[in-house]
file start.cif (mmCIF, C-alpha atoms and all ligand atoms)
data_my_file
#
loop_
_atom_site.group_PDB
_atom_site.id
_atom_site.type_symbol
_atom_site.label_atom_id
_atom_site.label_comp_id
_atom_site.auth_asym_id
_atom_site.auth_seq_id
_atom_site.Cartn_x
_atom_site.Cartn_y
_atom_site.Cartn_z
ATOM 1 C CA MET X 61 11.448 6.941 26.918
ATOM 2 C CA ALA X 62 9.134 5.006 24.641
ATOM 3 C CA LEU X 63 5.374 4.797 24.726
ATOM 4 C CA LYS X 64 4.018 1.758 26.536
ATOM 5 C CA PRO X 65 1.190 -0.370 25.084
ATOM 6 C CA ASP X 66 -1.500 1.259 27.231
ATOM 7 C CA ASP X 67 -0.292 4.805 26.578
ATOM 8 C CA THR X 68 -2.524 7.032 24.503
ATOM 9 C CA VAL X 69 -1.371 7.907 20.995
ATOM 10 C CA CYS X 70 -4.478 9.773 19.835
ATOM 11 C CA PHE X 71 -5.812 11.964 22.630
ATOM 12 C CA CYS X 72 -8.850 13.184 20.691
ATOM 13 C CA PHE X 73 -10.297 9.678 20.469
ATOM 14 C CA LYS X 74 -8.358 8.009 23.297
ATOM 15 C CA VAL X 75 -6.692 5.411 21.100
ATOM 16 C CA SER X 76 -3.835 3.528 22.726
ATOM 17 C CA LEU X 77 -0.635 2.244 21.195
ATOM 18 C CA GLN X 78 -1.859 -1.325 21.772
ATOM 19 C CA LYS X 79 -5.104 -0.676 19.887
ATOM 20 C CA ILE X 80 -3.197 0.719 16.922
ATOM 21 C CA GLU X 81 -0.745 -2.171 16.906
ATOM 22 C CA THR X 82 -3.575 -4.720 17.033
ATOM 23 C CA PHE X 83 -5.462 -2.875 14.297
ATOM 24 C CA CYS X 84 -2.377 -2.865 12.066
ATOM 25 C CA LYS X 85 -1.723 -6.561 12.575
ATOM 26 C CA MET X 86 -5.352 -7.571 12.029
ATOM 27 C CA GLU X 87 -6.463 -5.197 9.286
ATOM 28 C CA LYS X 88 -3.123 -4.669 7.525
ATOM 29 C CA PRO X 89 -3.849 -1.123 6.321
ATOM 30 C CA ARG X 90 -1.958 -0.283 3.142
ATOM 31 C CA TYR X 91 -1.649 3.388 3.978
ATOM 32 C CA ALA X 92 -1.124 5.212 7.243
ATOM 33 C CA SER X 93 -4.286 7.222 6.667
ATOM 34 C CA GLN X 94 -6.304 3.995 6.921
ATOM 35 C CA ILE X 95 -5.410 3.823 10.608
ATOM 36 C CA SER X 96 -8.214 6.345 11.011
ATOM 37 C CA ASP X 97 -10.530 3.323 10.702
ATOM 38 C CA CYS X 98 -9.250 2.397 14.155
ATOM 39 C CA LEU X 99 -11.599 4.398 16.377
ATOM 40 C CA SER X 100 -11.070 7.517 14.208
ATOM 41 C CA ALA X 101 -7.438 7.895 15.288
ATOM 42 C CA GLY X 102 -5.848 10.931 13.700
ATOM 43 C CA THR X 103 -9.056 12.563 12.492
ATOM 44 C CA GLY X 104 -9.374 15.164 15.239
ATOM 45 C CA CYS X 105 -6.781 17.871 15.874
ATOM 46 C CA GLY X 106 -4.108 16.105 13.793
ATOM 47 C CA TRP X 107 -1.432 16.108 16.494
ATOM 48 C CA CYS X 108 -0.903 12.342 16.340
ATOM 49 C CA VAL X 109 -0.763 11.990 12.540
ATOM 50 C CA PRO X 110 3.075 11.966 12.298
ATOM 51 C CA MET X 111 3.170 9.326 15.049
ATOM 52 C CA LEU X 112 0.519 7.259 13.245
ATOM 53 C CA LYS X 113 2.640 7.374 10.082
ATOM 54 C CA LYS X 114 5.656 6.115 12.022
ATOM 55 C CA LEU X 115 3.608 3.386 13.668
ATOM 56 C CA HIS X 116 2.271 2.328 10.276
ATOM 57 C CA GLY X 117 5.840 1.931 9.079
ATOM 58 C CA GLU X 118 6.687 -0.039 12.197
ATOM 59 C CA PHE X 119 3.675 -2.365 12.438
ATOM 60 C CA CYS X 120 2.550 -2.807 8.836
ATOM 61 C CA GLU X 121 4.072 -4.589 5.884
ATOM 62 C CA PRO X 122 5.190 -2.204 3.180
ATOM 63 C CA TYR X 123 2.726 -2.179 0.291
ATOM 64 C CA THR X 124 3.927 -2.163 -3.298
ATOM 65 C CA PRO X 125 1.238 -1.335 -5.835
ATOM 66 C CA PRO X 126 1.005 -3.932 -8.612
ATOM 67 C CA TRP X 127 2.237 -1.502 -11.253
ATOM 68 C CA ARG X 128 5.487 -1.096 -9.322
ATOM 69 C CA SER X 129 6.176 -4.770 -8.734
ATOM 70 C CA ALA X 130 9.234 -6.330 -10.348
ATOM 71 C CA ASP X 131 7.061 -8.537 -12.579
ATOM 72 C CA VAL X 132 5.316 -5.626 -14.154
ATOM 73 C CA GLN X 133 8.480 -3.629 -14.611
ATOM 74 C CA THR X 134 10.077 -6.424 -16.606
ATOM 75 C CA GLN X 135 7.079 -6.771 -18.891
ATOM 76 C CA PRO X 136 7.346 -4.907 -22.139
ATOM 77 C CA THR X 137 5.179 -1.898 -22.721
ATOM 78 C CA ARG X 138 3.811 -0.508 -25.948
ATOM 79 C CA GLU X 139 5.986 2.562 -25.496
ATOM 80 C CA GLN X 140 9.327 0.719 -25.566
ATOM 81 C CA ASN X 141 11.739 1.337 -28.376
ATOM 82 C CA ALA X 142 12.495 -1.431 -30.836
ATOM 83 C CA THR X 143 16.039 -1.617 -29.481
ATOM 84 C CA GLU X 144 14.843 -2.410 -25.949
ATOM 85 C CA VAL X 145 13.023 -5.699 -26.591
ATOM 86 C CA ASN X 146 13.393 -8.858 -28.642
ATOM 87 C CA GLU X 147 10.528 -10.309 -30.637
ATOM 88 C CA ASP X 148 9.558 -12.940 -28.048
ATOM 89 C CA THR X 149 9.329 -10.365 -25.283
ATOM 90 C CA TRP X 150 7.425 -8.014 -27.543
ATOM 91 C CA ALA X 151 4.936 -10.742 -28.515
ATOM 92 C CA SER X 152 4.554 -11.814 -24.888
ATOM 93 C CA GLY X 153 3.762 -8.223 -23.937
ATOM 94 C CA ARG X 154 1.048 -8.102 -26.589
ATOM 95 C CA GLN X 155 -0.535 -11.287 -25.240
ATOM 96 C CA GLN X 156 -0.644 -9.780 -21.758
ATOM 97 C CA TYR X 157 -2.048 -6.550 -23.190
ATOM 98 C CA LEU X 158 -4.815 -8.396 -25.033
ATOM 99 C CA ALA X 159 -5.602 -10.524 -21.975
ATOM 100 C CA GLY X 160 -5.933 -7.357 -19.911
ATOM 101 C CA LYS X 161 -8.264 -5.790 -22.475
ATOM 102 C CA LYS X 162 -10.397 -8.926 -22.514
ATOM 103 C CA ASN X 163 -10.599 -8.975 -18.697
ATOM 104 C CA ASN X 164 -11.598 -5.284 -18.608
ATOM 105 C CA LYS X 165 -14.543 -5.946 -20.951
ATOM 106 C CA GLN X 166 -15.997 -8.646 -18.683
HETATM 107 S S1 LIG Z 201 -4.544 13.591 19.104
HETATM 108 FE FE1 LIG Z 201 -5.086 12.337 17.449
HETATM 109 S S2 LIG Z 201 -6.369 13.574 16.255
HETATM 110 FE FE2 LIG Z 201 -5.951 14.781 18.003
#
call {"tool": "encode", "arguments": {"input": "start.cif", "output": "structure tokens", "more": "lines below"}}
Ligand code: FES
result
Amino acid sequence: MALKPDDTVCFCFKVSLQKIETFCKMEKPRYASQISDCLSAGTGCGWCVPMLKKLHGEFCEPYTPPWRSADVQTQPTREQNATEVNEDTWASGRQQYLAGKKNNKQ
């Protein structure tokens, strides 16, 4: 039997399933631990933390950090071997590297 929208998920802070679902849809927390911003859910005894993690997976879009995105993975890195890239790709990687350095200085 599943929890209903008005059922309590976090007993310590009386946070309902509906409140957590609304929070996830509105705030789009990247990590399950950020659900604690919803009326402190999960920050008391800890009983509900596994449920909050499952609800995060159910209600929130999966987050992929930029360094794991497909774009970044296909960009050359300074650590690649000479046999792994052609000159154009290598030069393009350097341009992106220099642009990143310039942006970090600003
Ligand atoms: S039931 Fe959620 S922290 Fe205790």
call {"tool": "residues_around", "arguments": {"input": "start.cif", "residues": "Gly106 in chain X", "least_positions_apart": "6", "cutoff": "12 Å", "atoms": "all atoms listed in the file", "output": "short mmCIF file (atom, residue, chain, number, x, y, z; two decimals) with C-alpha atoms, in the coordinates of the input"}}
result
data_model
loop_
_atom_site.label_atom_id
_atom_site.label_comp_id
_atom_site.auth_asym_id
_atom_site.auth_seq_id
_atom_site.Cartn_x
_atom_site.Cartn_y
_atom_site.Cartn_z
CA VAL X 69 -1.37 7.91 21.00
CA CYS X 70 -4.48 9.77 19.84
CA PHE X 71 -5.81 11.96 22.63
CA CYS X 72 -8.85 13.18 20.69
CA PHE X 73 -10.30 9.68 20.47
CA SER X 93 -4.29 7.22 6.67
CA SER X 96 -8.21 6.34 11.01
CA SER X 100 -11.07 7.52 14.21
CA LEU X 112 0.52 7.26 13.24
CA LYS X 113 2.64 7.37 10.08
#
call {"tool": "resolve_selection", "arguments": {"input": "start.cif", "expression": "the PyMOL selection byres (((chain X and resi 66) around 7) and not hetatm)", "output": "list of chain:residue names"}}
result
X:Lys64, X:Pro65, X:Asp67, X:Thr68, X:Ser76, X:Leu77, X:Gln78
call {"tool": "residues_around", "arguments": {"input": "start.cif", "residues": "Lys85 in chain X", "least_positions_apart": "4", "cutoff": "8 Å", "atoms": "all atoms listed in the file", "output": "ChimeraX atom specification"}}
result
/X:81,119-120
call {"tool": "write_last_selection", "arguments": {"input": "start.cif", "atoms": "C-alpha atoms", "output": "short mmCIF file (atom, residue, chain, number, x, y, z; two decimals), in the coordinates of the input"}}
result
data_model
loop_
_atom_site.label_atom_id
_atom_site.label_comp_id
_atom_site.auth_asym_id
_atom_site.auth_seq_id
_atom_site.Cartn_x
_atom_site.Cartn_y
_atom_site.Cartn_z
CA GLU X 81 -0.74 -2.17 16.91
CA PHE X 119 3.68 -2.37 12.44
CA CYS X 120 2.55 -2.81 8.84
#
call {"tool": "atom_distance", "arguments": {"input": "start.cif", "atom1": "CA of Ala151 in chain X", "atom2": "CA of Pro126 in chain X"}}
result
21.4 Å
call {"tool": "atom_distance", "arguments": {"input": "start.cif", "atom1": "atom S1 of ligand LIG 201 (chain Z)", "atom2": "CA of Glu118 in chain X"}}
result
19.0 Å
call {"tool": "axis_aligned_box", "arguments": {"input": "start.cif", "around": "range 83-98 of chain X", "padding_each_side": "4 Å", "output": "JSON"}}
result
{"center_x": -5.8, "center_y": -0.2, "center_z": 8.7, "size_x": 17.4, "size_y": 22.8, "size_z": 19.2}
call {"tool": "closest_residue", "arguments": {"input": "start.cif", "among": "X:Leu115, X:Gly160, X:Asp97, X:Gly104", "to": "ligand LIG 201 (chain Z)", "atoms": "only C-alpha atoms and all ligand atoms"}}
result
X:Gly104
call {"tool": "atom_distance", "arguments": {"input": "start.cif", "atom1": "CA of Met86 in chain X", "atom2": "CA of Ala62 in chain X"}}
result
23.0 Å
call {"tool": "closest_residue", "arguments": {"input": "start.cif", "among": "X:Trp107, X:Phe83, X:Tyr91, X:Tyr157", "to": "ligand LIG 201 (chain Z)", "atoms": "only C-alpha atoms and all ligand atoms"}}
result
X:Trp107
call {"tool": "closest_residue", "arguments": {"input": "start.cif", "among": "X:Met61, X:Val109, X:Arg90, X:Gln155", "to": "ligand LIG 201 (chain Z)", "atoms": "all atoms listed in the file"}}
result
X:Val109
call {"tool": "closest_residue", "arguments": {"input": "start.cif", "among": "X:Asn164, X:Thr103, X:Thr124, X:Thr143", "to": "ligand LIG 201 (chain Z)", "atoms": "all atoms listed in the file"}}
result
X:Thr103
call {"tool": "closest_residue", "arguments": {"input": "start.cif", "among": "X:Gly102, X:Gln94, X:Cys84, X:Leu63", "to": "ligand LIG 201 (chain Z)", "atoms": "only C-alpha atoms and all ligand atoms"}}
result
X:Gly102
call {"tool": "closest_residue", "arguments": {"input": "start.cif", "among": "X:Leu158, X:Cys105, X:Cys98, X:Val145", "to": "ligand LIG 201 (chain Z)", "atoms": "all atoms listed in the file"}}
result
X:Cys105
